[in-house]
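S.K.: Compact mmCIF, C-alpha atoms, saved as entry.txt, coming up:
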# COMPACT_ATOMS: atom_id res chain seq x y z
CA MET A 25 -21.37 -17.08 -10.17
CA LEU A 26 -21.40 -14.46 -12.91
CA SER A 27 -20.88 -15.24 -16.57
CA ALA A 28 -17.40 -14.67 -17.98
CA GLN A 29 -18.57 -11.53 -19.73
CA GLU A 30 -20.15 -10.03 -16.59
CA THR A 31 -17.10 -10.92 -14.50
CA PHE A 32 -14.85 -9.22 -17.02
CA LEU A 33 -17.01 -6.08 -16.96
CA VAL A 34 -16.93 -5.88 -13.17
CA ILE A 35 -13.14 -6.26 -13.21
CA VAL A 36 -12.76 -3.53 -15.85
CA VAL A 37 -14.94 -1.11 -13.86
CA ILE A 38 -12.89 -1.76 -10.71
CA ALA A 39 -9.65 -1.35 -12.67
CA VAL A 40 -10.71 1.95 -14.26
CA VAL A 41 -12.01 3.53 -11.04
CA THR A 42 -8.93 2.37 -9.11
CA PHE A 43 -6.63 3.90 -11.73
CA LEU A 44 -8.60 7.18 -11.67
CA THR A 45 -8.15 7.50 -7.89
CA ARG A 46 -4.40 7.09 -8.40
CA LEU A 47 -4.29 9.44 -11.40
CA LEU A 48 -6.24 12.39 -9.99
CA PRO A 49 -3.42 14.33 -8.24
CA PHE A 50 -1.17 13.92 -11.27
CA ALA A 51 -3.94 15.11 -13.58
CA LEU A 52 -4.52 18.18 -11.38
CA PHE A 53 -0.81 19.07 -11.25
CA PRO A 54 0.65 17.75 -14.50
CA GLY A 55 4.33 17.49 -15.39
CA LYS A 56 6.61 20.21 -14.16
CA SER A 57 3.80 22.67 -13.56
CA GLU A 58 4.17 24.96 -10.57
CA LYS A 59 2.62 23.23 -7.57
CA PRO A 60 1.24 25.30 -4.70
CA ALA A 61 3.54 25.30 -1.66
CA TRP A 62 0.83 23.86 0.58
CA VAL A 63 0.40 20.86 -1.74
CA LEU A 64 4.13 20.14 -1.63
CA TYR A 65 4.09 20.55 2.14
CA LEU A 66 1.22 18.05 2.41
CA GLY A 67 3.16 15.71 0.15
CA ARG A 68 6.01 15.80 2.64
CA VAL A 69 4.09 15.35 5.89
CA LEU A 70 1.18 13.15 4.81
CA PRO A 71 3.19 9.91 4.40
CA TYR A 72 3.82 9.83 8.16
CA ALA A 73 0.16 10.34 8.93
CA ILE A 74 -1.01 7.88 6.25
CA VAL A 75 1.19 5.00 7.37
CA ALA A 76 -0.21 5.46 10.88
CA MET A 77 -3.70 5.36 9.36
CA LEU A 78 -2.88 2.18 7.43
CA VAL A 79 -1.89 0.45 10.66
CA VAL A 80 -5.25 1.44 12.16
CA TYR A 81 -6.96 0.39 8.91
CA CYS A 82 -5.46 -3.10 9.16
CA LEU A 83 -6.68 -3.42 12.75
CA LYS A 84 -10.12 -1.90 12.23
CA GLY A 85 -11.96 -5.22 12.62
CA VAL A 86 -10.57 -5.88 16.10
CA SER A 87 -13.12 -5.77 18.90
CA VAL A 88 -11.86 -4.71 22.31
CA GLN A 89 -15.24 -5.31 23.93
CA ALA A 90 -15.51 -9.04 23.35
CA TRP A 91 -13.16 -11.96 23.92
CA PRO A 92 -10.23 -12.03 23.12
CA PHE A 93 -10.31 -8.21 23.50
CA GLY A 94 -7.79 -7.64 20.70
CA LEU A 95 -5.11 -9.44 22.69
CA PRO A 96 -3.70 -11.46 19.75
CA GLU A 97 -3.30 -8.27 17.71
CA LEU A 98 -1.82 -6.36 20.63
CA ILE A 99 0.71 -9.10 21.38
CA ALA A 100 1.67 -9.56 17.72
CA VAL A 101 2.02 -5.81 17.01
CA ALA A 102 4.08 -5.37 20.20
CA ALA A 103 6.28 -8.28 19.11
CA VAL A 104 6.82 -6.73 15.67
CA VAL A 105 7.74 -3.35 17.19
CA ALA A 106 10.08 -4.92 19.78
CA LEU A 107 11.76 -7.19 17.22
CA HIS A 108 12.18 -4.35 14.79
CA VAL A 109 13.62 -1.93 17.33
CA TRP A 110 15.97 -4.67 18.53
CA LYS A 111 17.13 -6.38 15.31
CA LYS A 112 16.19 -3.82 12.62
CA ASN A 113 15.55 -6.72 10.23
CA THR A 114 12.35 -6.08 8.26
CA LEU A 115 11.96 -9.62 7.01
CA LEU A 116 12.43 -11.12 10.47
CA SER A 117 9.98 -8.67 12.06
CA ILE A 118 7.25 -9.39 9.50
CA GLY A 119 7.82 -13.13 9.26
CA ALA A 120 8.03 -13.80 13.00
CA GLY A 121 5.14 -11.42 13.73
CA THR A 122 2.87 -13.14 11.20
CA VAL A 123 3.69 -16.67 12.36
CA LEU A 124 3.16 -15.59 15.99
CA TYR A 125 -0.21 -14.07 15.10
CA MET A 126 -1.32 -17.18 13.20
CA VAL A 127 -0.36 -19.42 16.12
CA LEU A 128 -2.15 -17.09 18.54
CA ILE A 129 -5.48 -17.02 16.72
CA GLN A 130 -5.44 -20.63 15.51
CA PHE A 131 -4.27 -22.39 18.66
CA VAL A 132 -4.17 -20.08 21.70
CA PHE A 133 -7.24 -17.86 21.55
CA MET B 15 25.11 -2.66 -30.58
CA ARG B 16 25.62 1.05 -30.26
CA ALA B 17 27.49 2.44 -27.29
CA GLY B 18 24.34 4.20 -26.07
CA GLU B 19 22.40 0.96 -25.94
CA ILE B 20 25.15 -0.83 -24.05
CA LYS B 21 25.25 1.98 -21.52
CA GLN B 22 21.46 1.91 -21.18
CA LYS B 23 21.55 -1.83 -20.54
CA GLY B 24 24.10 -1.32 -17.78
CA VAL B 25 21.91 1.34 -16.16
CA LEU B 26 18.91 -0.99 -16.18
CA LYS B 27 20.90 -3.86 -14.74
CA THR B 28 22.35 -1.90 -11.82
CA ALA B 29 18.95 -0.34 -11.04
CA CYS B 30 17.29 -3.74 -11.16
CA ARG B 31 19.89 -5.29 -8.85
CA ALA B 32 19.65 -2.38 -6.40
CA ALA B 33 15.84 -2.46 -6.32
CA LEU B 34 15.43 -6.18 -5.63
CA PRO B 35 16.62 -6.24 -1.98
CA CYS B 36 14.43 -3.21 -1.16
CA THR B 37 11.34 -5.13 -2.21
CA VAL B 38 11.90 -8.21 -0.05
CA PRO B 39 9.52 -7.12 2.74
CA VAL B 40 6.73 -6.52 0.23
CA MET B 41 7.60 -9.79 -1.50
CA VAL B 42 6.83 -11.74 1.64
CA GLY B 43 3.61 -9.86 2.27
CA TYR B 44 2.42 -9.92 -1.34
CA LEU B 45 3.15 -13.59 -1.97
CA PHE B 46 1.14 -14.52 1.14
CA LEU B 47 -1.64 -12.00 0.64
CA GLY B 48 -1.85 -12.60 -3.10
CA ALA B 49 -2.14 -16.31 -2.37
CA ALA B 50 -4.87 -15.63 0.18
CA PHE B 51 -6.74 -13.64 -2.47
CA GLY B 52 -6.28 -16.39 -5.09
CA ILE B 53 -7.54 -19.02 -2.64
CA LEU B 54 -10.56 -16.90 -1.72
CA LEU B 55 -11.48 -16.21 -5.35
CA GLU B 56 -11.05 -19.89 -6.21
CA SER B 57 -13.39 -20.84 -3.36
CA LYS B 58 -16.12 -18.77 -5.10
CA GLY B 59 -15.62 -20.69 -8.31
CA TYR B 60 -13.31 -18.29 -10.16
CA GLY B 61 -10.11 -20.06 -11.16
CA PHE B 62 -6.55 -18.76 -11.14
CA GLY B 63 -6.98 -17.13 -14.57
CA TRP B 64 -9.40 -14.62 -13.07
CA ALA B 65 -7.07 -14.02 -10.13
CA ALA B 66 -4.24 -13.33 -12.57
CA LEU B 67 -6.37 -10.99 -14.69
CA MET B 68 -7.51 -8.99 -11.67
CA SER B 69 -4.03 -8.74 -10.15
CA PHE B 70 -2.73 -7.62 -13.52
CA LEU B 71 -5.43 -5.04 -14.35
CA VAL B 72 -6.71 -3.83 -10.98
CA TYR B 73 -3.71 -4.36 -8.71
CA ALA B 74 -5.14 -3.07 -5.45
CA GLY B 75 -4.84 -5.36 -2.44
CA SER B 76 -7.82 -4.60 -0.24
CA MET B 77 -10.09 -3.74 -3.19
CA GLN B 78 -9.49 -7.16 -4.73
CA PHE B 79 -10.69 -8.79 -1.52
CA VAL B 80 -13.78 -6.58 -1.62
CA ALA B 81 -14.21 -7.46 -5.30
CA VAL B 82 -14.67 -11.12 -4.40
CA SER B 83 -17.83 -10.15 -2.54
CA LEU B 84 -19.03 -8.11 -5.54
CA LEU B 85 -18.80 -10.97 -8.02
CA VAL B 86 -22.31 -12.21 -7.27
CA PRO B 87 -25.41 -12.33 -9.46
CA GLY B 88 -27.44 -9.12 -9.56
CA VAL B 89 -24.53 -6.80 -8.87
CA GLN B 90 -24.85 -3.33 -10.44
CA LEU B 91 -21.83 -1.80 -12.19
CA ILE B 92 -22.59 1.60 -10.66
CA GLN B 93 -22.52 -0.01 -7.23
CA VAL B 94 -19.17 -1.59 -8.12
CA ALA B 95 -17.83 1.79 -9.21
CA PHE B 96 -18.99 3.52 -6.02
CA MET B 97 -17.61 0.81 -3.78
CA THR B 98 -14.25 0.99 -5.57
CA LEU B 99 -14.18 4.75 -5.16
CA MET B 100 -14.87 4.52 -1.42
CA VAL B 101 -12.27 1.81 -0.80
CA ASN B 102 -9.59 3.48 -2.93
CA ILE B 103 -10.13 7.18 -2.28
CA ARG B 104 -7.03 7.13 -0.07
CA HIS B 105 -4.89 6.74 -3.22
CA ILE B 106 -5.39 10.43 -3.94
CA PHE B 107 -3.21 11.21 -0.96
CA TYR B 108 -0.44 8.90 -2.16
CA GLY B 109 -0.37 10.77 -5.45
CA ILE B 110 0.02 14.11 -3.66
CA SER B 111 3.08 12.72 -1.88
CA MET B 112 4.56 11.39 -5.12
CA LEU B 113 4.06 14.47 -7.33
CA GLU B 114 7.69 15.54 -7.02
CA LYS B 115 9.17 12.06 -7.05
CA PHE B 116 7.46 11.06 -10.30
CA GLN B 117 8.07 14.39 -11.99
CA ASP B 118 10.94 13.25 -14.20
CA MET B 119 9.77 9.71 -14.80
CA GLY B 120 8.96 10.27 -18.48
CA ARG B 121 7.48 7.19 -20.14
CA LYS B 122 7.63 5.27 -16.88
CA LYS B 123 5.23 7.69 -15.20
CA PRO B 124 1.90 6.09 -16.25
CA TYR B 125 3.01 2.74 -14.85
CA MET B 126 4.30 4.37 -11.64
CA ILE B 127 0.87 5.95 -11.15
CA PHE B 128 -1.02 2.76 -12.01
CA SER B 129 1.04 0.65 -9.61
CA LEU B 130 0.89 3.00 -6.60
CA THR B 131 -0.51 0.56 -4.01
CA ASP B 132 -0.33 1.04 -0.23
CA GLU B 133 2.77 -1.12 0.01
CA THR B 134 4.56 0.32 -3.02
CA PHE B 135 3.80 3.82 -1.78
CA SER B 136 5.30 3.04 1.60
CA LEU B 137 8.45 1.60 0.00
CA LEU B 138 8.86 4.47 -2.46
CA CYS B 139 8.55 6.97 0.37
CA SER B 140 11.73 5.83 2.06
CA ALA B 141 13.68 4.02 -0.66
CA GLN B 142 17.02 5.65 -1.48
CA PRO B 143 19.00 4.43 -4.50
CA PRO B 144 22.62 3.48 -3.72
CA GLU B 145 25.45 5.61 -5.17
CA GLY B 146 25.65 5.54 -8.95
CA VAL B 147 22.24 3.94 -9.47
CA ASP B 148 19.70 5.69 -11.70
CA ARG B 149 16.98 6.89 -9.34
CA ASN B 150 14.05 6.70 -11.74
CA TRP B 151 14.79 3.19 -12.96
CA PHE B 152 15.42 2.13 -9.36
CA LEU B 153 11.95 3.32 -8.31
CA PHE B 154 10.43 1.78 -11.44
CA PHE B 155 11.87 -1.66 -10.68
CA ILE B 156 10.59 -1.47 -7.09
CA SER B 157 7.08 -0.95 -8.46
CA LEU B 158 7.46 -3.61 -11.13
CA PHE B 159 8.82 -6.27 -8.76
CA ASN B 160 6.01 -5.59 -6.32
CA GLN B 161 3.33 -6.20 -8.92
CA ALA B 162 5.13 -9.33 -10.08
CA TYR B 163 4.98 -10.73 -6.52
CA TRP B 164 1.31 -9.90 -6.30
CA VAL B 165 0.44 -11.58 -9.61
CA ILE B 166 2.58 -14.65 -8.83
CA GLY B 167 1.06 -14.91 -5.35
CA SER B 168 -2.53 -14.73 -6.59
CA VAL B 169 -1.96 -17.32 -9.33
CA ALA B 170 -0.24 -19.63 -6.84
CA GLY B 171 -3.16 -19.14 -4.46
CA GLY B 172 -5.68 -19.96 -7.16
CA LEU B 173 -3.79 -23.14 -8.02
CA LEU B 174 -3.25 -24.13 -4.38
CA GLY B 175 -6.86 -23.46 -3.46
CA ALA B 176 -7.95 -25.81 -6.23
CA THR B 177 -5.64 -28.57 -4.97
CA PHE B 178 -5.39 -28.47 -1.17
CA SER B 179 -7.13 -26.86 1.72
CA PHE B 180 -5.17 -25.54 4.69
CA ASN B 181 -5.65 -23.11 7.50
CA THR B 182 -4.44 -19.70 6.33
CA GLN B 183 -6.36 -17.84 9.02
CA GLY B 184 -4.32 -14.88 10.18
CA ILE B 185 -1.95 -14.81 7.21
CA ASP B 186 -3.15 -11.32 6.33
CA PHE B 187 -1.35 -10.07 9.42
CA ALA B 188 1.75 -9.90 7.17
CA MET B 189 0.39 -6.63 5.81
CA THR B 190 -0.29 -5.20 9.26
CA ALA B 191 3.24 -6.15 10.26
CA LEU B 192 4.67 -4.46 7.17
CA PHE B 193 2.93 -1.19 7.99
CA VAL B 194 4.00 -1.40 11.63
CA VAL B 195 7.61 -1.87 10.50
CA ILE B 196 7.39 1.10 8.15
CA PHE B 197 5.81 3.14 10.94
CA VAL B 198 8.74 2.30 13.23
CA ASN B 199 11.26 3.21 10.50
CA GLN B 200 9.56 6.52 9.81
CA TRP B 201 9.33 7.27 13.51
CA ARG B 202 13.09 6.86 13.83
CA GLU B 203 13.96 9.13 10.94
CA ALA B 204 11.30 11.83 11.42
CA LYS B 205 12.35 15.20 12.74
CA SER B 206 8.91 15.74 14.16
CA HIS B 207 6.50 13.10 15.38
CA ILE B 208 3.48 15.37 15.04
CA PRO B 209 2.42 14.08 11.56
CA ALA B 210 2.58 10.43 12.64
CA LEU B 211 0.73 11.13 15.89
CA ALA B 212 -1.87 13.23 14.06
CA GLY B 213 -2.50 10.36 11.65
CA LEU B 214 -2.79 7.88 14.49
CA ALA B 215 -5.10 10.06 16.57
CA CYS B 216 -7.36 11.05 13.67
CA SER B 217 -7.79 7.46 12.51
CA VAL B 218 -8.52 6.08 15.97
CA VAL B 219 -11.02 8.83 16.78
CA CYS B 220 -12.74 8.47 13.39
CA LEU B 221 -12.78 4.68 13.71
CA LEU B 222 -14.61 4.97 17.04
CA PHE B 223 -16.91 7.65 15.69
CA PHE B 224 -17.76 6.47 12.16
CA GLY B 225 -17.17 2.73 12.45
CA PRO B 226 -14.82 0.41 10.56
CA SER B 227 -16.37 0.78 7.10
CA ASN B 228 -16.63 4.58 6.97
CA PHE B 229 -13.66 5.99 8.86
CA ILE B 230 -11.04 6.37 6.10
CA LEU B 231 -12.42 9.46 4.39
CA PRO B 232 -13.17 11.47 7.57
CA SER B 233 -9.79 10.60 9.06
CA MET B 234 -7.97 11.68 5.91
CA ILE B 235 -9.85 14.96 5.87
CA GLY B 236 -9.17 15.37 9.59
CA MET B 237 -5.43 14.80 9.33
CA THR B 238 -5.16 17.06 6.28
CA VAL B 239 -6.93 19.92 8.04
CA PHE B 240 -4.82 19.37 11.14
CA LEU B 241 -1.53 19.26 9.21
CA ILE B 242 -2.44 22.40 7.26
CA GLY B 243 -3.20 24.07 10.59
CA PHE B 244 0.24 23.11 11.85
CA ARG B 245 1.98 24.14 8.65
CA LYS B 246 3.79 27.16 10.11
CA LYS B 247 5.27 25.01 12.82
CA LEU B 248 6.13 21.96 10.72
CA ASP B 249 7.00 23.38 7.33
CA CYS B 250 10.05 25.38 8.42
CA LYS B 251 11.40 22.31 10.16
CA GLU B 252 11.13 20.05 7.16
CA GLU B 253 11.90 22.55 4.46
CA GLU B 254 15.66 22.18 4.11
CA GLU B 255 15.47 18.46 3.66
CA PRO B 256 12.36 16.87 2.16
CA ILE B 257 11.46 13.98 4.40
CA CYS B 258 9.73 11.80 1.87
Could you show the structure in this file as structure tokens?
M.R.:
Amino acid sequence: MLSAQETFLVIVVIAVVTFLTRLLPFALFPGKSEKPAWVLYLGRVLPYAIVAMLVVYCLKGVSVQAWPFGLPELIAVAAVVALHVWKKNTLLSIGAGTVLYMVLIQFVF
Amino acid sequence: MRAGEIKQKGVLKTACRAALPCTVPVMVGYLFLGAAFGILLESKGYGFGWAALMSFLVYAGSMQFVAVSLLVPGVQLIQVAFMTLMVNIRHIFYGISMLEKFQDMGRKKPYMIFSLTDETFSLLCSAQPPEGVDRNWFLFFISLFNQAYWVIGSVAGGLLGATFSFNTQGIDFAMTALFVVIFVNQWREAKSHIPALAGLACSVVCLLFFGPSNFILPSMIGMTVFLIGFRKKLDCKEEEEPIC
């Protein structure tokens, strides 16, 4: 364990660098300054691509070469998609999907 | 009280009420995930006070989990800074997508930038204020509520971890499920599926190529280059009505 002072320093460094990564685009294009058309275009299309990336990011640790071959994740993601297409209830999709996944990895696989 | 103040109070109240239901999906995810973080930090000997401090100052889900592994003797601050940069570099892209949305935020803008996590970003992308609700305050309350859930969750986790032990394995799937749900929502409303498919393809290819700990940066560069290449085709389609 680190001392309280060291722990605090580590936390401050993480906080500052994290804030800088969030601040950068706003610092480059401040206020109501004219933004290049291609930046605005990226701002419109990137969210779709990024959310897809975040799904992959969440599943990055899954191995398809060794047992259980990513089956719990596949089943749970498929369940979330199916539930959401069917019921369109965000809370239900997330809650049921998470419980299903926990049951799958704790008891089934 | 002056009439202006009364009116301002009413604006805040309606925005607050309208924002709350929008944040419910993140509430579930953040309470669980925050708790998982609090439990993990507690298991390394750092009590709920540290969890609260980190969730208050840092407020970045995956980075806080990484931070737990950095709080060990002999750690270098420069190494901490580099690690944080690598894990959080994706935030730059969220900012690009929020440039227009945050333009008229005024004094709320610094907090909106500070609190732009993965989950808040994904909510702000699609959240539409109901009729008659102030848009800027509505977005602000979404961000504020989200951080509140995260702080409450991590403190609760720190306290729980100190009292009981239980099997939380798999609870972090709540976040995966949230992103899958947002993906499905976006898929339904998108005029073109090319951006979503480009993001999916780039990330999967880069994951296979660069491995799980290094794929974020190359896939973001890849999808940006690809989307710029497709600009002529996509931009005219989306121009009339901004999609995010």
S.K.: Counting all atoms listed in the file, a student should be able to say which residues of chain A come within 7 Å of chain B; what is the right answer, written as a ChimeraX atom specification?
M.R.: /A:25-26,31,34-35,37-39,41-43,45-50,55-56,65,67-80,82,84-85,101,104-105,108,114-115,118,121-122,125-126,129
S.K.: Considering only C-alpha atoms, state which residue in the set B:Ala17, B:Phe51, B:Gln22, B:Pro143 is at the smallest distance from B:Ala66.
M.R.: B:Phe51
S.K.: Hey, can you check how far atom CA of B:Ser83 sits from atom CA of B:Gly52?
M.R.: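 Interatomic distance here is 13.4 Å.
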S.K.: Grab the atom CA of A:Phe133 to atom CA of B:Ala49 distance for me, in Å with one decimal place.
M.R.: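 Calculated distance between atom CA of A:Phe133 and atom CA of B:Ala49 is 24.5 Å.
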S.K.: Which residues are close to B:Cys36, i.e. within 8 Å by only C-alpha atoms, leaving aside same-chain residues fewer than 2 positions away? Reply as a PyMOL selection string.
M.R.: chain B and resi 32-34+38-39+137+141+156
S.K.: If I take atom CA of B:Phe155 and atom CA of A:Leu64, how far is one from the other in Å, to one decimal?
M.R.: 24.8 Å
S.K.: Quick one: everything within 8 Å of A:Leu124, counting all atoms listed in the file, minus sequence neighbours fewer than 4 positions away in the same chain. Send it as a PyMOL selection string.
M.R.: chain A and resi 100+120+128
S.K.: When you count all atoms listed in the file, which of these residues is closest to A:Val123: B:Val147, B:Phe46, B:Leu54, B:Tyr163?
M.R.: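 When distances to A:Val123 are compared using all atoms listed in the file, the smallest one comes from B:Phe46.
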